[in-house]
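Comments concern the structure below.
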Amino acid sequence: MDVEAIPSASYSMTLRVEFPHRGETLGAILTAVGEAGGMVGAVDIVRMRDDRSIRDITVNASDSEHGRRIVEAVEALPETRVVNISDRTFLMHLGGKIEVRSKMPVRTRDDLSMAYTPGVARVCRAIAEEPERAFNLTIKRNTVAVVSDGTAVLGLGDIGPRAAMPVMEGKAMLFKEFADVDAFPLCLDTKDPDEIVETVKRLAPGFGGINLEDISAPRCFEIEERLKEELDVPVFHDDQHGTAVVVLAALINSLKIIGKRMKDLKVVVNGVGASGVACAKIMLAAGVENVVGCDSRGIVHRGRDDLNPSKAWFAENTNPEGRTGGLAEAVRGADLFLGLSAPKVLTLELLKSMADDPIVFAMANPEPEIMPEIAMGHARIIATGRSGAWPRTT
């Protein structure tokens with residue numbers, strides 16, 4: 001079975017194309033895009049003259065290289081010129097993705113006197129006398145700080161606080177769009193746990209919750225624990241708690257389909273960082289008894305002498321059969337592969353060595369441990385951490 005990746009909006013572009021103003025030319029352009037594997041969206045007129053036309057053609061590709069081939073196919077047509085190429089994903093990020101707006105208009109002097117001085121002073125005094133009233137009289141009750149140092153962003157690693165901002169803005173968007181919670185990204189230019197904790201503590205009075213995001217292990221564990229102890233608002237570590245909750249929900253539903261039980265599962269967790277440890281903990285609590293973890297040096301077991309505190313805990317509480325070796329030894333006979341690691345580490349050969357009706361949660365971002373189009377037909381259930389398109393078969 002030949003498998004082809006479906007073009008995705010994450011690799012969407014708008015081609016501004018100039019071509020002879022003849023009926024067959026536009027058809028030839030769209031045919032060239034289709035034959036190159038692109039998916040045409042909107043076709044918009046920019047300008048039309050007697051002899052030539054300019055149109056914007058929106059095209060989805062499967063990746064950047066595929067996009068380049070599509071452009072080359074269009075440019076190869078006679079008398080046709082690609083005037084400009086706009087990356088729609090980059091356009092979406094221009095100027096950032098979030099903004100701050102007032103909840104009420106200030107139309108009159110009276111409005112201003114209540115929203116700001118002098119009326120606001122009475123509200124300030126009320127909070128000073130009863131600090132808990134800040135939850136009702138300020139944005140605190142519905143505002144979350146999304147905090148990162150940019151050291152473990154998606155599958156990109158340590159890219160720094162500035163490069164982490166688009167992801168943190170995106171998380172703030174999710175809070176607002178799906179829960180109507182206001183969130184603001186705070187990317188900190190430090191990797192020092194003490195400085196991060198102190199900075200968040202000083203910012204905390206303005207927020208009703210703290211969402212830690214993409215902070216590398218093992219520092220993230222210390223930062224989370226200290227903030228939980230020292231703050232009076234909830235502290236949520238997305239890479240641990242968010243991932244673990246989603247994984248358990250997906251696993252519960254998967255078991256309904258394949259007819260297996262939690263306690264009978266053999267689970268492989270590839271990637272024993274913050275997400276991997278948290279997912280292991282929640283699965284053990286849900287009744288899974290056999291979890292094996294792998295990191296870049298192979299299976300995590302009690303005999304290794306290179307384990308940080310979180311991996312040492314993992315070694316003490318998992319791998320009941322005492323397995324050693326690498327990923328190949330870990331996945332043999334496994335029911336679930338949970339990938340929280342790096343692209344393309346789960347090969348088709350390794351997948352075929354798993355148990356019957358295997359479940360594959362390949363959650364590395366932006367590229368999973370195995371592409372769904374490769375796993376199709378071999379895994380009973382496939383999930384990724386992406387929101388992009390799924391494969392098609394031909």
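Residue names in the structure tokens use chain letters A, B, ... in the order shown, residue numbers from 1 in each chain, and ligand numbers from 1 in the order shown.
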
Task: Test item: residues at most 7 Å from region 20-26 of chain A, only C-alpha atoms, excluding those fewer than 4 positions along its chain, as a ChimeraX atom specification - done: /A:30,50-53,79

Open item on the list: Just list as a PyMOL selection string whatever in region 3-119 of chain A DSSP marks as helix (DSSP H, G or I).
Closed with: chain A and resi 23-35+64-75+88-93+109-115

Task: Interatomic distance (Å, one decimal) between CA of Ala375 (chain A) and CA of Pro320 (chain A) - done: 28.0 Å

TODO: Just the strand (DSSP E or B) stuff from region 83-145 of chain A, please, per backbone DSSP, written as a list of chain:residue names.
DONE: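 Filtering region 83-145 of chain A down to strand (DSSP E or B) leaves A:Val83, A:Asn84, A:Ile85, A:Ser86, A:Asp87, A:Thr143, A:Val144, A:Ala145.
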
Based on the selection just made, write N, CA and C atoms of those residues as a tab-separated table (two decimals), in the first residue's frame.
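Below is the file that was written, result.tsv:
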chain	number	residue	atom	x	y	z
A	83	VAL	N	5.00	35.64	-8.60
A	83	VAL	CA	5.42	36.97	-8.21
A	83	VAL	C	5.86	37.01	-6.74
A	84	ASN	N	5.12	36.29	-5.89
A	84	ASN	CA	5.40	36.35	-4.45
A	84	ASN	C	4.88	35.09	-3.79
A	85	ILE	N	5.53	34.70	-2.70
A	85	ILE	CA	5.09	33.55	-1.91
A	85	ILE	C	4.92	34.01	-0.48
A	86	SER	N	3.74	33.83	0.08
A	86	SER	CA	3.45	34.20	1.46
A	86	SER	C	3.22	32.95	2.28
A	87	ASP	N	3.97	32.79	3.34
A	87	ASP	CA	3.78	31.67	4.27
A	87	ASP	C	2.65	32.05	5.22
A	143	THR	N	-7.18	34.93	35.45
A	143	THR	CA	-5.95	35.21	34.71
A	143	THR	C	-4.86	34.24	35.12
A	144	VAL	N	-4.21	33.66	34.12
A	144	VAL	CA	-3.15	32.67	34.33
A	144	VAL	C	-1.86	33.18	33.69
A	145	ALA	N	-0.75	32.99	34.37
A	145	ALA	CA	0.57	33.29	33.81
A	145	ALA	C	1.13	32.02	33.17

TODO: Have a look at A:Asp192, A:Asp335, A:Asp214, A:Asp356 and name the one nearest to Ile159 (chain A); count only C-alpha atoms.
DONE: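 Nearest candidate to Ile159 (chain A) out of A:Asp192, A:Asp335, A:Asp214, A:Asp356: A:Asp214.
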
Open item on the list: List as a ChimeraX atom specification the protein and nucleic acid residues near Asp182 (chain A), meaning an atom at most 8 Å away when only C-alpha atoms are counted, but skip any in the same chain fewer than 2 places from it.
Closed with: /A:142-144,172,175-176,180,184

- [ ] Excluding Asn211 (chain A) and residues on its chain fewer than 4 positions from it, collect all residues at most 8 Å away from it, counting only C-alpha atoms, and give them as a count of residues only.
- [x] 8

Open item on the list: Calculated over only C-alpha atoms, which of the candidates A:Asn253, A:Ser310, A:Phe207, A:Gly155 has the smallest distance to Phe221 (chain A)?
Closed with: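 Answer, going by the shortest atom-to-atom distance: A:Ser310.
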
Open item on the list: Considering only C-alpha atoms, can you say which of A:Asp63, A:Glu367, A:Asp239, A:Asp357 comes closest to Ile382 (chain A)?
Closed with: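 With only C-alpha atoms as the atom set, the closest residue is A:Asp357.
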
Task: Pairwise distance for CA of Lys228 (chain A) and CA of Ala134 (chain A), rounded to one decimal in Å - done: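 Taking CA of Lys228 (chain A) and CA of Ala134 (chain A), their separation equals 19.9 Å.
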
- [ ] Point out the residue among A:Glu198, A:Asp149, A:Glu329, A:Glu316 with the least atom-to-atom distance to Ile215 (chain A), counting only C-alpha atoms.
- [x] A:Asp149

Open item on the list: So that I can see what lies close to Ala286 (chain A), please list as a PyMOL selection string the residues with an atom at most 10 Å from it, counting only C-alpha atoms and leaving out residues fewer than 3 positions away in the same chain.
Closed with: chain A and resi 248+252+262-263+280-283+289

Take the residues from that selection and put them in a file with C-alpha atoms, as a compact mmCIF listing (two decimals), in the first residue's frame.
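Dumped to again-v6.txt:
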# COMPACT_ATOMS: atom_id res chain seq x y z
CA LEU A 248 -4.63 8.56 30.40
CA ILE A 252 -8.85 4.51 28.64
CA MET A 262 -4.87 -1.76 32.40
CA LYS A 263 -3.26 -4.33 34.66
CA ALA A 280 4.21 6.87 34.11
CA LYS A 281 2.92 8.01 37.50
CA ILE A 282 -0.65 8.48 36.30
CA MET A 283 -0.70 5.16 34.45
CA GLU A 289 1.70 -2.68 36.44

Open item on the list: Just to confirm, what's the straight-line distance from CA of His301 (chain A) to CA of Gly287 (chain A) in Å (one decimal)?
Closed with: 20.6 Å

- [ ] Considering only C-alpha atoms, return as a PyMOL selection string whatever protein or nucleic-acid residues lie within 12 Å of Val71 (chain A), sequence-local ones (same chain, fewer than 6 positions apart) excluded.
- [x] chain A and resi 13-17+29-30+32-38+57-61+64-65+77+80-86

Take the residues from that selection and write them out as a tab-separated table (two decimals), in the first residue's frame, keeping N, CA and C atoms.
chain	number	residue	atom	x	y	z
A	13	MET	N	0.59	28.08	2.03
A	13	MET	CA	1.19	29.27	1.44
A	13	MET	C	0.24	29.86	0.41
A	14	THR	N	0.41	31.13	0.14
A	14	THR	CA	-0.34	31.80	-0.90
A	14	THR	C	0.64	32.20	-2.00
A	15	LEU	N	0.40	31.68	-3.20
A	15	LEU	CA	1.23	32.01	-4.35
A	15	LEU	C	0.55	33.12	-5.14
A	16	ARG	N	1.24	34.21	-5.33
A	16	ARG	CA	0.74	35.27	-6.22
A	16	ARG	C	1.34	35.00	-7.61
A	17	VAL	N	0.47	34.61	-8.54
A	17	VAL	CA	0.92	34.12	-9.83
A	17	VAL	C	0.43	35.05	-10.95
A	29	ILE	N	-2.33	25.78	-14.30
A	29	ILE	CA	-1.66	26.06	-13.04
A	29	ILE	C	-2.21	25.17	-11.93
A	30	LEU	N	-3.54	25.09	-11.84
A	30	LEU	CA	-4.15	24.27	-10.78
A	30	LEU	C	-3.82	22.80	-10.98
A	32	ALA	N	-1.04	21.68	-12.35
A	32	ALA	CA	0.36	21.51	-11.95
A	32	ALA	C	0.49	21.40	-10.44
A	33	VAL	N	-0.28	22.21	-9.71
A	33	VAL	CA	-0.26	22.13	-8.25
A	33	VAL	C	-0.74	20.75	-7.79
A	34	GLY	N	-1.85	20.28	-8.37
A	34	GLY	CA	-2.39	18.98	-7.99
A	34	GLY	C	-1.44	17.85	-8.32
A	35	GLU	N	-0.81	17.89	-9.49
A	35	GLU	CA	0.12	16.83	-9.87
A	35	GLU	C	1.37	16.83	-8.99
A	36	ALA	N	1.70	17.98	-8.43
A	36	ALA	CA	2.83	18.06	-7.50
A	36	ALA	C	2.45	17.65	-6.09
A	37	GLY	N	1.19	17.28	-5.88
A	37	GLY	CA	0.74	16.81	-4.57
A	37	GLY	C	0.18	17.88	-3.67
A	38	GLY	N	0.03	19.11	-4.19
A	38	GLY	CA	-0.53	20.18	-3.38
A	38	GLY	C	-2.04	20.16	-3.35
A	57	ILE	N	-3.27	32.22	-5.12
A	57	ILE	CA	-3.71	30.83	-5.02
A	57	ILE	C	-3.20	30.26	-3.71
A	58	THR	N	-4.12	29.86	-2.84
A	58	THR	CA	-3.76	29.28	-1.56
A	58	THR	C	-3.54	27.78	-1.73
A	59	VAL	N	-2.39	27.30	-1.26
A	59	VAL	CA	-2.00	25.91	-1.47
A	59	VAL	C	-1.49	25.33	-0.15
A	60	ASN	N	-1.94	24.14	0.19
A	60	ASN	CA	-1.40	23.40	1.34
A	60	ASN	C	-0.38	22.39	0.85
A	61	ALA	N	0.75	22.32	1.54
A	61	ALA	CA	1.79	21.34	1.25
A	61	ALA	C	1.99	20.45	2.47
A	64	SER	N	8.00	21.82	4.09
A	64	SER	CA	8.64	22.94	3.39
A	64	SER	C	9.23	22.52	2.05
A	65	GLU	N	9.85	21.35	2.01
A	65	GLU	CA	10.43	20.86	0.76
A	65	GLU	C	9.34	20.61	-0.28
A	77	LEU	N	5.71	26.32	-15.87
A	77	LEU	CA	4.71	26.50	-16.93
A	77	LEU	C	5.11	27.68	-17.81
A	80	THR	N	4.39	31.84	-17.27
A	80	THR	CA	3.83	31.93	-15.92
A	80	THR	C	4.92	32.32	-14.94
A	81	ARG	N	4.61	33.25	-14.05
A	81	ARG	CA	5.60	33.75	-13.09
A	81	ARG	C	4.99	33.82	-11.70
A	82	VAL	N	5.71	33.23	-10.73
A	82	VAL	CA	5.30	33.35	-9.33
A	82	VAL	C	5.87	34.66	-8.81
A	83	VAL	N	5.00	35.64	-8.60
A	83	VAL	CA	5.42	36.97	-8.21
A	83	VAL	C	5.86	37.01	-6.74
A	84	ASN	N	5.12	36.29	-5.89
A	84	ASN	CA	5.40	36.35	-4.45
A	84	ASN	C	4.88	35.09	-3.79
A	85	ILE	N	5.53	34.70	-2.70
A	85	ILE	CA	5.09	33.55	-1.91
A	85	ILE	C	4.92	34.01	-0.48
A	86	SER	N	3.74	33.83	0.08
A	86	SER	CA	3.45	34.20	1.46
A	86	SER	C	3.22	32.95	2.28

Task: Shell around Ser296 (chain A) at 12 Å using only C-alpha atoms, local window under 4 positions removed, as a list in words - done: Val269, Asn270, Gly271, Val272, Gly273, Val300, Asp306, Leu307, Gly325, Gly326, Leu327, Leu340, Ser341, Ala342 and Val345 of chain A

TODO: For each of A:Val167, A:Leu112, A:Leu338, A:Leu284, take the minimum atom-to-atom distance to Thr318 (chain A), counting only C-alpha atoms, then give the residue where this is smallest.
DONE: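 Selected residue with least distance to Thr318 (chain A): A:Leu284.
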